[in-house]
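**Student:** Below is coords-v4.txt; it holds compact mmCIF, C-alpha atoms and all ligand atoms.
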```txt
# COMPACT_ATOMS: atom_id res chain seq x y z
CA MET A 1 82.10 108.69 61.41
CA SER A 2 83.53 108.87 57.88
CA ALA A 3 83.94 105.70 55.87
CA VAL A 4 87.72 106.18 55.83
CA LEU A 5 87.92 106.44 59.61
CA ARG A 6 85.74 103.39 60.01
CA ASP A 7 87.89 101.41 57.57
CA LEU A 8 91.01 102.36 59.52
CA ARG A 9 89.41 101.16 62.72
CA GLY A 10 88.37 97.83 61.18
CA VAL A 11 85.49 96.31 63.12
CA HIS A 12 83.18 98.82 64.75
CA PHE A 13 79.72 98.15 66.18
CA GLU A 14 77.25 100.83 67.30
CA VAL A 15 74.69 98.11 68.15
CA LEU A 16 75.61 94.49 68.89
CA PRO A 17 73.89 91.61 67.02
CA PRO A 18 71.10 89.53 68.63
CA LEU A 19 72.33 86.87 71.06
CA SER A 20 71.33 83.19 71.35
CA LEU A 21 72.45 80.31 73.53
CA TYR A 22 73.41 76.83 72.31
CA VAL A 23 73.70 74.00 74.84
CA HIS A 24 75.33 70.73 73.77
CA LEU A 25 74.35 67.44 75.43
CA PRO A 26 76.76 64.94 73.88
CA TRP A 27 75.40 61.43 74.55
CA CYS A 28 73.43 59.05 72.32
CA VAL A 29 72.10 55.52 72.76
CA ARG A 30 74.25 54.37 69.85
CA LYS A 31 76.49 56.11 67.35
CA CYS A 32 74.90 56.26 63.87
CA PRO A 33 77.31 55.12 61.11
CA TYR A 34 77.05 58.40 59.17
CA CYS A 35 77.34 60.78 62.12
CA ASP A 36 80.32 63.10 62.52
CA PHE A 37 78.77 65.22 65.29
CA ASN A 38 80.36 65.36 68.71
CA SER A 39 78.17 62.55 70.03
CA HIS A 40 79.24 59.66 72.23
CA GLU A 41 77.59 56.35 72.99
CA ARG A 42 76.40 56.43 76.57
CA ALA A 43 78.12 53.81 78.67
CA SER A 44 75.68 53.57 81.58
CA ALA A 45 73.60 56.11 83.52
CA LEU A 46 74.22 59.68 82.35
CA PRO A 47 76.03 61.98 84.80
CA GLU A 48 73.16 64.48 84.47
CA GLY A 49 73.72 66.46 87.66
CA GLU A 50 77.49 66.66 87.16
CA TYR A 51 77.06 67.73 83.54
CA VAL A 52 74.49 70.44 84.32
CA ALA A 53 76.88 71.79 87.00
CA ALA A 54 79.68 71.86 84.38
CA LEU A 55 77.38 73.74 81.98
CA PHE A 56 76.78 76.40 84.62
CA ARG A 57 80.55 76.73 85.26
CA ASP A 58 80.99 77.13 81.55
CA LEU A 59 78.23 79.73 81.28
CA GLU A 60 79.50 81.71 84.25
CA ALA A 61 82.93 82.01 82.65
CA LEU A 62 81.28 83.65 79.64
CA LEU A 63 78.98 86.02 81.55
CA PRO A 64 81.45 88.95 81.72
CA SER A 65 81.48 88.93 77.90
CA VAL A 66 77.72 89.42 77.61
CA TRP A 67 76.73 91.66 80.55
CA GLY A 68 73.44 93.41 79.95
CA ARG A 69 72.60 91.45 76.81
CA ARG A 70 69.40 89.43 76.40
CA ILE A 71 69.02 85.89 75.07
CA GLN A 72 66.50 85.67 72.22
CA SER A 73 66.58 81.89 71.70
CA ILE A 74 67.97 78.73 73.27
CA PHE A 75 68.75 75.49 71.42
CA ILE A 76 69.49 72.30 73.34
CA GLY A 77 71.19 70.05 70.80
CA GLY A 78 73.35 66.97 70.72
CA GLY A 79 73.84 64.10 70.77
CA THR A 80 70.41 63.13 71.97
CA PRO A 81 69.19 65.71 74.51
CA SER A 82 65.98 63.72 75.00
CA LEU A 83 68.08 61.17 76.92
CA PHE A 84 68.17 63.75 79.72
CA SER A 85 65.34 63.63 82.24
CA ALA A 86 62.75 66.41 82.36
CA LYS A 87 64.10 67.25 85.84
CA ALA A 88 67.61 67.83 84.45
CA ILE A 89 66.28 70.02 81.61
CA ASP A 90 64.21 71.97 84.15
CA GLU A 91 67.32 72.55 86.32
CA LEU A 92 69.28 73.55 83.25
CA LEU A 93 66.75 76.13 82.04
CA ALA A 94 66.12 77.49 85.55
CA GLY A 95 69.90 77.89 86.00
CA VAL A 96 70.23 79.64 82.64
CA ARG A 97 67.42 82.07 83.57
CA ALA A 98 69.06 82.77 86.94
CA ARG A 99 72.29 83.77 85.19
CA LEU A 100 71.06 85.47 82.00
CA THR A 101 68.10 87.56 80.91
CA VAL A 102 66.06 85.38 78.60
CA GLU A 103 63.57 87.42 76.55
CA PRO A 104 59.91 86.71 77.27
CA GLY A 105 58.61 84.48 74.48
CA ALA A 106 62.12 83.28 73.58
CA GLU A 107 62.15 80.23 71.33
CA ILE A 108 63.49 77.25 73.32
CA THR A 109 64.15 74.17 71.17
CA LEU A 110 65.16 70.69 72.28
CA GLU A 111 66.36 68.01 69.86
CA ALA A 112 64.75 64.62 70.40
CA ASN A 113 65.21 61.15 68.99
CA PRO A 114 61.92 59.36 68.18
CA GLY A 115 63.38 56.31 69.95
CA THR A 116 63.39 58.21 73.26
CA ALA A 117 60.01 59.97 72.99
CA GLU A 118 57.70 59.41 75.95
CA ALA A 119 54.57 61.41 76.81
CA GLU A 120 55.55 62.08 80.43
CA ARG A 121 59.07 63.15 79.52
CA PHE A 122 57.83 65.47 76.73
CA ALA A 123 55.24 67.01 79.08
CA GLY A 124 58.05 67.57 81.60
CA TYR A 125 60.17 69.36 78.98
CA ARG A 126 57.18 71.56 78.13
CA GLY A 127 56.75 72.36 81.83
CA ALA A 128 60.45 73.30 82.01
CA GLY A 129 59.90 75.91 79.29
CA VAL A 130 60.82 74.06 76.09
CA ASN A 131 58.43 75.36 73.41
CA ARG A 132 59.79 73.77 70.24
CA VAL A 133 61.00 70.25 69.47
CA SER A 134 63.17 69.06 66.61
CA LEU A 135 62.79 65.35 65.88
CA GLY A 136 65.47 63.36 64.05
CA VAL A 137 63.07 61.22 62.00
CA GLN A 138 65.35 60.86 58.91
CA SER A 139 62.94 58.52 57.05
CA PHE A 140 59.51 56.93 57.37
CA ALA A 141 60.75 53.68 55.76
CA ASP A 142 61.93 50.92 58.12
CA ALA A 143 64.49 49.58 55.64
CA LYS A 144 66.10 53.02 55.31
CA LEU A 145 66.13 53.57 59.08
CA ALA A 146 67.89 50.22 59.47
CA ALA A 147 70.43 51.17 56.77
CA LEU A 148 71.13 54.38 58.70
CA GLY A 149 71.59 52.47 61.97
CA ARG A 150 68.81 54.45 63.65
CA ILE A 151 67.42 53.17 66.95
CA HIS A 152 63.78 53.88 66.02
CA SER A 153 61.24 52.35 63.63
CA ALA A 154 58.93 54.23 61.25
CA ASP A 155 55.98 53.64 63.58
CA GLU A 156 57.91 55.05 66.53
CA ALA A 157 58.71 58.09 64.40
CA ARG A 158 55.01 58.60 63.60
CA ARG A 159 54.06 58.26 67.28
CA ALA A 160 56.82 60.70 68.32
CA VAL A 161 55.67 63.29 65.77
CA ASP A 162 52.04 63.02 66.95
CA LEU A 163 53.13 63.31 70.57
CA ALA A 164 55.35 66.32 69.88
CA LEU A 165 52.61 68.05 67.89
CA ASN A 166 50.12 67.52 70.74
CA ILE A 167 52.46 68.79 73.42
CA PHE A 168 54.52 71.47 71.66
CA GLY A 169 52.74 72.32 68.39
CA ASN A 170 55.93 73.96 67.16
CA VAL A 171 57.79 70.94 65.76
CA ASN A 172 60.50 70.32 63.19
CA ILE A 173 61.27 66.97 61.63
CA ASP A 174 64.63 66.21 60.06
CA LEU A 175 64.48 64.00 56.97
CA MET A 176 67.42 62.73 54.94
CA TYR A 177 67.59 61.96 51.24
CA GLY A 178 70.17 60.37 48.97
CA LEU A 179 70.01 57.29 51.24
CA PRO A 180 71.54 53.89 50.36
CA GLY A 181 69.41 52.31 47.59
CA GLN A 182 66.88 55.17 47.67
CA THR A 183 64.93 55.96 44.51
CA LEU A 184 63.19 59.23 43.67
CA ALA A 185 59.84 57.56 44.43
CA MET A 186 61.07 56.48 47.88
CA ALA A 187 62.31 59.98 48.68
CA GLN A 188 58.98 61.34 47.45
CA ALA A 189 57.09 58.98 49.79
CA ASP A 190 59.13 60.23 52.77
CA ILE A 191 58.43 63.87 51.98
CA ALA A 192 54.73 63.19 51.35
CA GLU A 193 54.47 61.47 54.73
CA GLY A 194 56.36 64.32 56.40
CA VAL A 195 53.81 66.78 54.98
CA ARG A 196 50.89 64.53 56.02
CA MET A 197 52.18 64.38 59.59
CA GLY A 198 51.43 68.11 59.83
CA THR A 199 54.56 69.59 61.39
CA PRO A 200 55.00 73.30 60.63
CA HIS A 201 58.75 72.91 59.94
CA LEU A 202 60.71 70.37 57.94
CA SER A 203 64.45 70.09 57.30
CA ALA A 204 65.77 67.93 54.47
CA TYR A 205 69.47 66.99 54.42
CA GLN A 206 71.35 65.03 51.82
CA LEU A 207 73.28 62.11 53.30
CA THR A 208 76.97 62.82 52.83
CA ILE A 209 79.88 60.60 53.75
CA GLU A 210 82.09 62.34 56.30
CA PRO A 211 85.59 61.37 57.50
CA ASN A 212 85.85 59.52 60.82
CA THR A 213 82.52 57.74 60.40
CA VAL A 214 81.70 54.07 59.87
CA PHE A 215 80.27 54.94 56.42
CA TYR A 216 83.61 56.52 55.52
CA SER A 217 85.48 53.26 56.08
CA HIS A 218 82.61 51.05 54.80
CA PRO A 219 80.84 53.24 52.23
CA PRO A 220 77.31 52.22 51.26
CA MET A 221 76.05 52.52 47.65
CA LEU A 222 74.45 55.93 47.40
CA PRO A 223 72.41 57.46 44.56
CA GLY A 224 74.58 59.38 42.08
CA ASP A 225 74.87 63.17 41.92
CA ASP A 226 72.15 63.54 39.26
CA ALA A 227 69.71 61.35 41.18
CA SER A 228 70.39 63.32 44.40
CA ALA A 229 69.93 66.63 42.56
CA ASP A 230 66.58 65.33 41.22
CA MET A 231 65.56 64.45 44.78
CA GLN A 232 66.52 67.92 46.01
CA GLN A 233 64.45 69.51 43.24
CA MET A 234 61.51 67.22 43.99
CA ILE A 235 61.68 68.14 47.70
CA GLU A 236 61.71 71.88 46.96
CA ASP A 237 58.77 71.51 44.53
CA ALA A 238 56.72 69.23 46.81
CA LEU A 239 57.18 71.35 49.93
CA GLY A 240 56.56 74.56 47.99
CA ALA A 241 53.30 73.10 46.64
CA ALA A 242 52.32 72.08 50.19
CA GLY A 243 52.68 75.68 51.43
CA PHE A 244 56.14 75.55 53.01
CA GLY A 245 58.48 78.48 52.46
CA HIS A 246 62.02 77.45 51.55
CA TYR A 247 64.13 79.88 53.58
CA GLU A 248 67.52 78.19 53.95
CA THR A 249 69.34 75.52 51.93
CA SER A 250 67.81 72.67 53.97
CA ALA A 251 65.00 74.39 55.92
CA PHE A 252 61.30 74.71 55.04
CA ALA A 253 58.61 76.31 57.22
CA ARG A 254 54.97 77.23 57.21
CA PRO A 255 54.35 80.99 57.64
CA GLY A 256 55.50 82.26 61.04
CA ARG A 257 57.30 79.02 61.92
CA ARG A 258 60.86 79.65 60.80
CA CYS A 259 63.42 78.58 63.38
CA ARG A 260 64.53 81.81 65.07
CA HIS A 261 67.60 80.19 66.59
CA ASN A 262 68.97 78.87 63.31
CA LEU A 263 68.06 82.10 61.53
CA ASN A 264 70.28 83.90 64.01
CA TYR A 265 73.23 81.73 62.90
CA TRP A 266 72.46 82.29 59.24
CA GLU A 267 72.08 86.04 59.77
CA PHE A 268 75.49 85.97 61.48
CA GLY A 269 74.13 86.82 64.91
CA ASP A 270 75.97 86.13 68.16
CA TYR A 271 75.67 82.98 70.21
CA LEU A 272 77.08 81.55 73.38
CA GLY A 273 78.00 77.88 73.12
CA ILE A 274 78.22 75.75 76.25
CA GLY A 275 78.77 72.01 76.64
CA ALA A 276 81.34 69.50 75.34
CA GLY A 277 82.61 70.56 71.92
CA ALA A 278 80.24 73.55 71.74
CA HIS A 279 81.43 76.70 70.05
CA GLY A 280 80.18 80.27 70.06
CA LYS A 281 80.67 83.67 68.47
CA LEU A 282 80.52 86.99 70.25
CA SER A 283 80.79 90.59 69.05
CA PHE A 284 82.23 93.47 71.06
CA ALA A 285 82.42 97.16 70.12
CA ASP A 286 85.68 96.63 68.19
CA ARG A 287 86.05 92.91 67.52
CA VAL A 288 84.35 89.59 66.85
CA THR A 289 85.53 86.47 68.69
CA ARG A 290 84.96 82.74 68.71
CA HIS A 291 85.13 80.30 71.62
CA GLU A 292 85.21 76.52 71.61
CA ARG A 293 85.12 73.77 74.25
CA VAL A 294 86.95 70.46 74.61
CA LYS A 295 85.07 67.71 72.83
CA GLN A 296 85.41 64.70 75.11
CA PRO A 297 82.67 64.71 77.75
CA ARG A 298 85.07 63.33 80.38
CA GLU A 299 87.59 66.14 79.79
CA TYR A 300 84.78 68.67 79.68
CA LEU A 301 83.47 67.55 83.08
CA ALA A 302 86.97 67.99 84.54
CA ALA A 303 87.61 71.41 82.92
CA ASP A 304 87.88 74.49 85.12
CA GLY A 305 85.43 76.54 83.07
CA GLU A 306 88.00 78.92 81.61
CA VAL A 307 86.97 79.89 78.07
CA PRO A 308 89.66 81.25 75.73
CA GLN A 309 88.26 83.53 73.02
CA ARG A 310 89.96 83.90 69.63
CA GLU A 311 89.52 87.11 67.70
CA ILE A 312 88.37 86.67 64.09
CA ALA A 313 90.58 88.80 61.83
CA ALA A 314 88.60 91.51 60.00
CA LYS A 315 89.73 90.06 56.64
CA GLU A 316 88.09 86.70 57.50
CA LEU A 317 84.71 88.22 58.33
CA PRO A 318 83.32 88.54 54.77
CA PHE A 319 83.86 84.79 54.24
CA GLU A 320 82.42 83.90 57.65
CA PHE A 321 79.40 86.09 56.96
CA MET A 322 78.78 84.55 53.53
CA LEU A 323 79.26 81.02 54.90
CA ASN A 324 76.05 81.70 56.81
CA ALA A 325 74.07 84.38 54.98
CA GLY A 326 74.86 82.76 51.61
CA ARG A 327 72.51 79.93 52.67
CA LEU A 328 69.47 82.22 52.92
CA VAL A 329 67.31 81.40 49.92
CA GLU A 330 65.61 84.82 49.89
CA GLY A 331 68.96 86.56 50.33
CA PHE A 332 69.92 89.20 52.86
CA PRO A 333 69.44 92.97 53.09
CA LEU A 334 72.53 94.96 52.09
CA GLU A 335 72.75 96.59 55.53
CA LEU A 336 72.94 93.20 57.30
CA PHE A 337 76.61 92.82 56.37
CA SER A 338 77.73 95.93 58.32
CA ALA A 339 75.25 95.30 61.13
CA ARG A 340 76.68 91.81 61.74
CA THR A 341 80.38 92.18 60.94
CA GLY A 342 80.99 95.80 62.02
CA LEU A 343 82.75 96.37 58.67
CA GLN A 344 82.00 98.73 55.79
CA PHE A 345 80.00 97.17 52.94
CA SER A 346 83.03 97.82 50.71
CA ALA A 347 84.73 94.81 52.41
CA LEU A 348 82.15 92.52 50.74
CA GLU A 349 82.17 94.33 47.40
CA PRO A 350 85.07 92.59 45.51
CA GLY A 351 83.76 89.06 46.17
CA LEU A 352 80.22 90.13 45.44
CA ARG A 353 81.15 91.69 42.11
CA THR A 354 82.85 88.47 40.95
CA ALA A 355 79.92 86.41 42.24
CA GLU A 356 77.55 88.55 40.16
CA GLU A 357 79.75 88.15 37.07
CA LYS A 358 79.67 84.37 37.57
CA GLN A 359 75.88 84.53 38.06
CA LEU A 360 76.14 83.05 41.55
CA VAL A 361 74.30 85.98 43.18
CA LYS A 362 71.92 88.74 42.17
CA ARG A 363 71.53 92.06 43.90
CA ASP A 364 69.26 95.03 43.72
CA MET A 365 69.08 98.22 45.80
CA LYS A 366 67.94 96.26 48.85
CA LEU A 367 68.96 92.60 48.71
CA VAL A 368 71.76 90.22 47.83
CA ARG A 369 70.30 86.86 46.82
CA PRO A 370 72.00 83.63 45.72
CA THR A 371 70.89 82.47 42.26
CA GLU A 372 69.79 78.90 41.63
CA ARG A 373 73.37 78.24 40.49
CA GLY A 374 74.77 79.92 43.62
CA ARG A 375 72.64 77.69 45.83
CA ARG A 376 73.65 74.51 43.99
CA PHE A 377 77.35 75.39 43.94
CA GLN A 378 77.81 77.00 47.33
CA ASN A 379 81.51 76.16 47.58
CA GLU A 380 82.18 78.02 44.33
CA LEU A 381 80.34 81.02 45.74
CA LEU A 382 82.12 80.91 49.10
CA ARG A 383 85.58 80.62 47.59
CA LEU A 384 85.19 84.15 46.24
CA PHE A 385 85.11 85.56 49.76
CA LEU A 386 88.20 83.80 51.14
CA PRO A 387 90.90 86.23 52.32
CA ASP A 388 93.92 86.45 49.98
S1 LIG A 401 71.35 60.17 67.09
FE1 LIG A 401 72.03 62.01 65.98
S2 LIG A 401 73.76 62.81 67.15
FE2 LIG A 401 73.40 60.71 67.87
S3 LIG A 401 74.80 59.45 66.67
FE3 LIG A 401 72.85 59.46 65.58
S4 LIG A 401 72.97 61.20 64.11
FE4 LIG A 401 74.63 61.43 65.63
```
Translate the structure described by the file into structure tokens.
**Tutor:**
Amino acid sequence: MSAVLRDLRGVHFEVLPPLSLYVHLPWCVRKCPYCDFNSHERASALPEGEYVAALFRDLEALLPSVWGRRIQSIFIGGGTPSLFSAKAIDELLAGVRARLTVEPGAEITLEANPGTAEAERFAGYRGAGVNRVSLGVQSFADAKLAALGRIHSADEARRAVDLALNIFGNVNIDLMYGLPGQTLAMAQADIAEGVRMGTPHLSAYQLTIEPNTVFYSHPPMLPGDDASADMQQMIEDALGAAGFGHYETSAFARPGRRCRHNLNYWEFGDYLGIGAGAHGKLSFADRVTRHERVKQPREYLAADGEVPQREIAAKELPFEFMLNAGRLVEGFPLELFSARTGLQFSALEPGLRTAEEKQLVKRDMKLVRPTERGRRFQNELLRLFLPD
């Protein structure tokens, strides 16, 4: 097909992108003061059975959109999914497999809070098919965990990491930096301990103050921009020296241990999203759509499972693509843009040219890669791809 014809037709896929599944379990023991995720303090016993049934209703409504496609990864996130019993997770994964073709060897991640880590429960998750765990450690300093309103202590975090490594091997820990009263030395100690714990994957996020959080109305004293930038640099240097590859803004992995599920987001792959507040993105031969669920668990449980899909206009796709692929530290192959948006590369060209002039990206015959400046000033880079 000529370039002109393809341009006239807008989005056109010969081969659809890889497909993942995200499952949102929205409850937590307590709401952390910095958290703007769709997470809700559990009132009493969780309605596990009712919620899993709602997830299946939700999934079934989406099935006609993905007939014949295979799931390459599953991510059970939240909230605190480790509040769910191993039996409920087993029912969930069995029900997913009964409705969809999950690739053999698919990566299946479950997010866990160190305050809810128990050997029997973790072994049950493993038996259900979970093969990767992501632990929200945040810090190995008790004072910082208290400042963040976390329900676990540093010792509980260490025990949870050991347990997860023994049972799953494939483990990520989330750490935060730029915490109230944190110095560079304190951030360094957290990273050093994270490396010592021996997990093959580590994610480091800067604490930011988001609207509709307790920290937004009662802001703590945080390190300034320069101090936070120094921490970020220290983290990149320390993890690089320890043998971790830095492959996305916040993600570091030992060889072979990159998170396949998150990479699929960053490479602008497709994903089904089920659960309260979950959203997804699906490609069809001639369009790309998004779907999103009601956020409140109570409303979600009462919903009839119908899932409206909104088409993403072709002119919005370059921005949406860069919002994700622009985070890849090693950049992306030129052909990925067309493979994942169904558009001609020329649709990316104007923004890319300006980004090169502003030294926010570099490109050669094969790759587009954000520069150091492009990584530090991602909003400046992204603005160049907004539709007129
Ligand atoms: S445990 Fe995680 S999801 Fe739950 S409130 Fe805290 S930060 Fe948010």
**Student:** Would you mind telling me which residue in A:Arg260, A:His201, A:Lys358, A:Lys87 lies nearest to A:Gly124 when using only C-alpha atoms?
**Tutor:**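 Among the listed residues, A:Lys87 lies closest to A:Gly124.
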**Student:** How close does each residue of chain A get to ligand LIG 401 (chain A), giving the shortest atom pair and distance in Å to one decimal for every residue with an atom at most 10 Å away, counting all atoms listed in the file, sorted by chain and residue number, as a tab-separated table?
**Tutor:**
```
residue	atom	partner	partner_atom	distance
A:Leu25	CA	A:LIG401	S2	9.5
A:Pro26	CA	A:LIG401	S2	7.7
A:Trp27	CA	A:LIG401	FE2	7.0
A:Cys28	CA	A:LIG401	FE2	4.7
A:Val29	CA	A:LIG401	FE2	7.2
A:Arg30	CA	A:LIG401	S3	6.0
A:Lys31	CA	A:LIG401	S3	3.8
A:Cys32	CA	A:LIG401	FE3	4.2
A:Pro33	CA	A:LIG401	S3	7.5
A:Tyr34	CA	A:LIG401	S4	7.0
A:Cys35	CA	A:LIG401	FE4	4.5
A:Asp36	CA	A:LIG401	FE4	6.7
A:Phe37	CA	A:LIG401	FE4	5.6
A:Asn38	CA	A:LIG401	S2	7.2
A:Ser39	CA	A:LIG401	S2	5.3
A:His40	CA	A:LIG401	S3	7.1
A:Glu41	CA	A:LIG401	S3	7.6
A:Gly77	CA	A:LIG401	S2	8.5
A:Gly78	CA	A:LIG401	S2	5.5
A:Gly79	CA	A:LIG401	S2	3.8
A:Thr80	CA	A:LIG401	FE2	5.6
A:Pro81	CA	A:LIG401	S2	9.1
A:Glu111	CA	A:LIG401	FE1	9.1
A:Ala112	CA	A:LIG401	S1	8.6
A:Asn113	CA	A:LIG401	S1	6.5
A:Pro114	CA	A:LIG401	S1	9.5
A:Gly115	CA	A:LIG401	S1	9.3
A:Leu135	CA	A:LIG401	FE1	9.8
A:Gly136	CA	A:LIG401	FE1	7.0
A:Val137	CA	A:LIG401	S1	9.8
A:Gln138	CA	A:LIG401	S4	9.2
A:Leu148	CA	A:LIG401	FE3	8.7
A:Gly149	CA	A:LIG401	FE3	8.0
A:Arg150	CA	A:LIG401	FE3	6.7
A:Ile151	CA	A:LIG401	S1	8.0
A:His152	CA	A:LIG401	S1	9.9
```
**Student:** Edge lengths and centre in Å to one decimal, as AutoDock Vina command-line options, of the axis-aligned box that encloses all listed atoms of stretch 76-83 of chain A with 5 Å added on every side?
**Tutor:**
```
--center_x 69.9 --center_y 66.7 --center_z 73.8 --size_x 17.9 --size_y 21.1 --size_z 16.2
```
**Student:** So the first atom is atom CA of A:Gly273 and the second is atom CA of A:Pro297; what is the distance between them in Å, to one decimal place?
**Tutor:**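 We find that atom CA of A:Gly273 and atom CA of A:Pro297 lie 14.7 Å from each other.
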**Student:** Name the residues in contact with A:Gly326 at a cut-off of 9 Å, using all atoms listed in the file, excluding same-chain residues fewer than 2 positions from it; report them as a ChimeraX atom specification.
**Tutor:** /A:248,266,321-324,328-329,331-332,368-370,374-375,378,381-382
**Student:** Could you state the separation of atom CA of A:Tyr125 and atom CA of A:Pro17 in Å, given to one decimal place?
**Tutor:**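 Atom CA of A:Pro17 lies 28.7 Å from atom CA of A:Tyr125.
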**Student:** I want to know what sits within 6 Å of stretch 275-281 of chain A, based on all atoms listed in the file, with residues of the same chain fewer than 5 positions away left out; could you give that as a list in words?
**Tutor:**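 Residues meeting the cut-off are Val23, His24, Leu55, Asp270, Thr289, Arg290, His291, Glu292, Arg293, Val294, Lys295, Pro297 and Tyr300 of chain A.
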**Student:** Could you check which of A:Ala98, A:Ile312, A:Ala189, A:Ala229 is closest to A:Phe284, using all atoms listed in the file?
**Tutor:**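 Using all atoms listed in the file, the shortest distance to A:Phe284 belongs to A:Ile312.
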**Student:** Reconstruct all heavy atoms of stretch 290-296 of chain A from the incomplete input and present them as a PDB file, in the frame of the given file.
**Tutor:**
```pdb
ATOM      1  N   ARG A 290      85.545  84.075  68.640  1.00  0.00           N
ATOM      2  CA  ARG A 290      84.960  82.740  68.710  1.00  0.00           C
ATOM      3  C   ARG A 290      85.474  82.029  69.955  1.00  0.00           C
ATOM      4  O   ARG A 290      86.594  82.298  70.405  1.00  0.00           O
ATOM      5  CB  ARG A 290      85.375  81.899  67.494  1.00  0.00           C
ATOM      6  CG  ARG A 290      84.653  82.285  66.241  1.00  0.00           C
ATOM      7  CD  ARG A 290      84.565  81.133  65.259  1.00  0.00           C
ATOM      8  NE  ARG A 290      83.825  81.530  64.074  1.00  0.00           N
ATOM      9  CZ  ARG A 290      82.497  81.571  63.996  1.00  0.00           C
ATOM     10  NH1 ARG A 290      81.749  81.227  65.041  1.00  0.00           N
ATOM     11  NH2 ARG A 290      81.898  81.949  62.893  1.00  0.00           N
ATOM     12  N   HIS A 291      84.662  81.149  70.511  1.00  0.00           N
ATOM     13  CA  HIS A 291      85.130  80.300  71.620  1.00  0.00           C
ATOM     14  C   HIS A 291      84.700  78.870  71.351  1.00  0.00           C
ATOM     15  O   HIS A 291      83.712  78.620  70.663  1.00  0.00           O
ATOM     16  CB  HIS A 291      84.622  80.802  72.975  1.00  0.00           C
ATOM     17  CG  HIS A 291      83.133  80.992  73.041  1.00  0.00           C
ATOM     18  ND1 HIS A 291      82.511  82.160  72.722  1.00  0.00           N
ATOM     19  CD2 HIS A 291      82.151  80.131  73.397  1.00  0.00           C
ATOM     20  CE1 HIS A 291      81.198  82.028  72.885  1.00  0.00           C
ATOM     21  NE2 HIS A 291      80.956  80.808  73.287  1.00  0.00           N
ATOM     22  N   GLU A 292      85.456  77.924  71.891  1.00  0.00           N
ATOM     23  CA  GLU A 292      85.210  76.520  71.610  1.00  0.00           C
ATOM     24  C   GLU A 292      85.605  75.679  72.815  1.00  0.00           C
ATOM     25  O   GLU A 292      86.583  75.986  73.491  1.00  0.00           O
ATOM     26  CB  GLU A 292      86.059  76.109  70.401  1.00  0.00           C
ATOM     27  CG  GLU A 292      85.639  74.796  69.817  1.00  0.00           C
ATOM     28  CD  GLU A 292      86.342  74.499  68.491  1.00  0.00           C
ATOM     29  OE1 GLU A 292      86.957  75.431  67.921  1.00  0.00           O
ATOM     30  OE2 GLU A 292      86.278  73.351  68.056  1.00  0.00           O
ATOM     31  N   ARG A 293      84.851  74.614  73.084  1.00  0.00           N
ATOM     32  CA  ARG A 293      85.120  73.770  74.250  1.00  0.00           C
ATOM     33  C   ARG A 293      85.759  72.444  73.874  1.00  0.00           C
ATOM     34  O   ARG A 293      85.607  72.001  72.736  1.00  0.00           O
ATOM     35  CB  ARG A 293      83.801  73.433  74.961  1.00  0.00           C
ATOM     36  CG  ARG A 293      83.115  74.603  75.494  1.00  0.00           C
ATOM     37  CD  ARG A 293      84.080  75.342  76.392  1.00  0.00           C
ATOM     38  NE  ARG A 293      83.318  76.300  77.127  1.00  0.00           N
ATOM     39  CZ  ARG A 293      82.830  77.399  76.593  1.00  0.00           C
ATOM     40  NH1 ARG A 293      83.073  77.666  75.339  1.00  0.00           N
ATOM     41  NH2 ARG A 293      82.116  78.235  77.298  1.00  0.00           N
ATOM     42  N   VAL A 294      86.395  71.797  74.866  1.00  0.00           N
ATOM     43  CA  VAL A 294      86.950  70.460  74.610  1.00  0.00           C
ATOM     44  C   VAL A 294      85.808  69.513  74.247  1.00  0.00           C
ATOM     45  O   VAL A 294      84.697  69.632  74.775  1.00  0.00           O
ATOM     46  CB  VAL A 294      87.702  69.896  75.845  1.00  0.00           C
ATOM     47  CG1 VAL A 294      89.014  70.606  76.035  1.00  0.00           C
ATOM     48  CG2 VAL A 294      86.861  69.934  77.100  1.00  0.00           C
ATOM     49  N   LYS A 295      86.129  68.556  73.378  1.00  0.00           N
ATOM     50  CA  LYS A 295      85.070  67.710  72.830  1.00  0.00           C
ATOM     51  C   LYS A 295      84.697  66.524  73.712  1.00  0.00           C
ATOM     52  O   LYS A 295      83.541  66.134  73.789  1.00  0.00           O
ATOM     53  CB  LYS A 295      85.514  67.164  71.469  1.00  0.00           C
ATOM     54  CG  LYS A 295      85.401  68.177  70.364  1.00  0.00           C
ATOM     55  CD  LYS A 295      85.625  67.501  69.039  1.00  0.00           C
ATOM     56  CE  LYS A 295      85.106  68.369  67.906  1.00  0.00           C
ATOM     57  NZ  LYS A 295      85.310  67.753  66.613  1.00  0.00           N
ATOM     58  N   GLN A 296      85.687  65.913  74.350  1.00  0.00           N
ATOM     59  CA  GLN A 296      85.410  64.700  75.110  1.00  0.00           C
ATOM     60  C   GLN A 296      84.625  65.025  76.377  1.00  0.00           C
ATOM     61  O   GLN A 296      85.075  65.835  77.191  1.00  0.00           O
ATOM     62  CB  GLN A 296      86.733  64.015  75.504  1.00  0.00           C
ATOM     63  CG  GLN A 296      87.406  63.284  74.366  1.00  0.00           C
ATOM     64  CD  GLN A 296      86.533  62.172  73.794  1.00  0.00           C
ATOM     65  OE1 GLN A 296      85.774  61.521  74.519  1.00  0.00           O
ATOM     66  NE2 GLN A 296      86.625  61.976  72.484  1.00  0.00           N
TER      67      GLN A 296
END
```
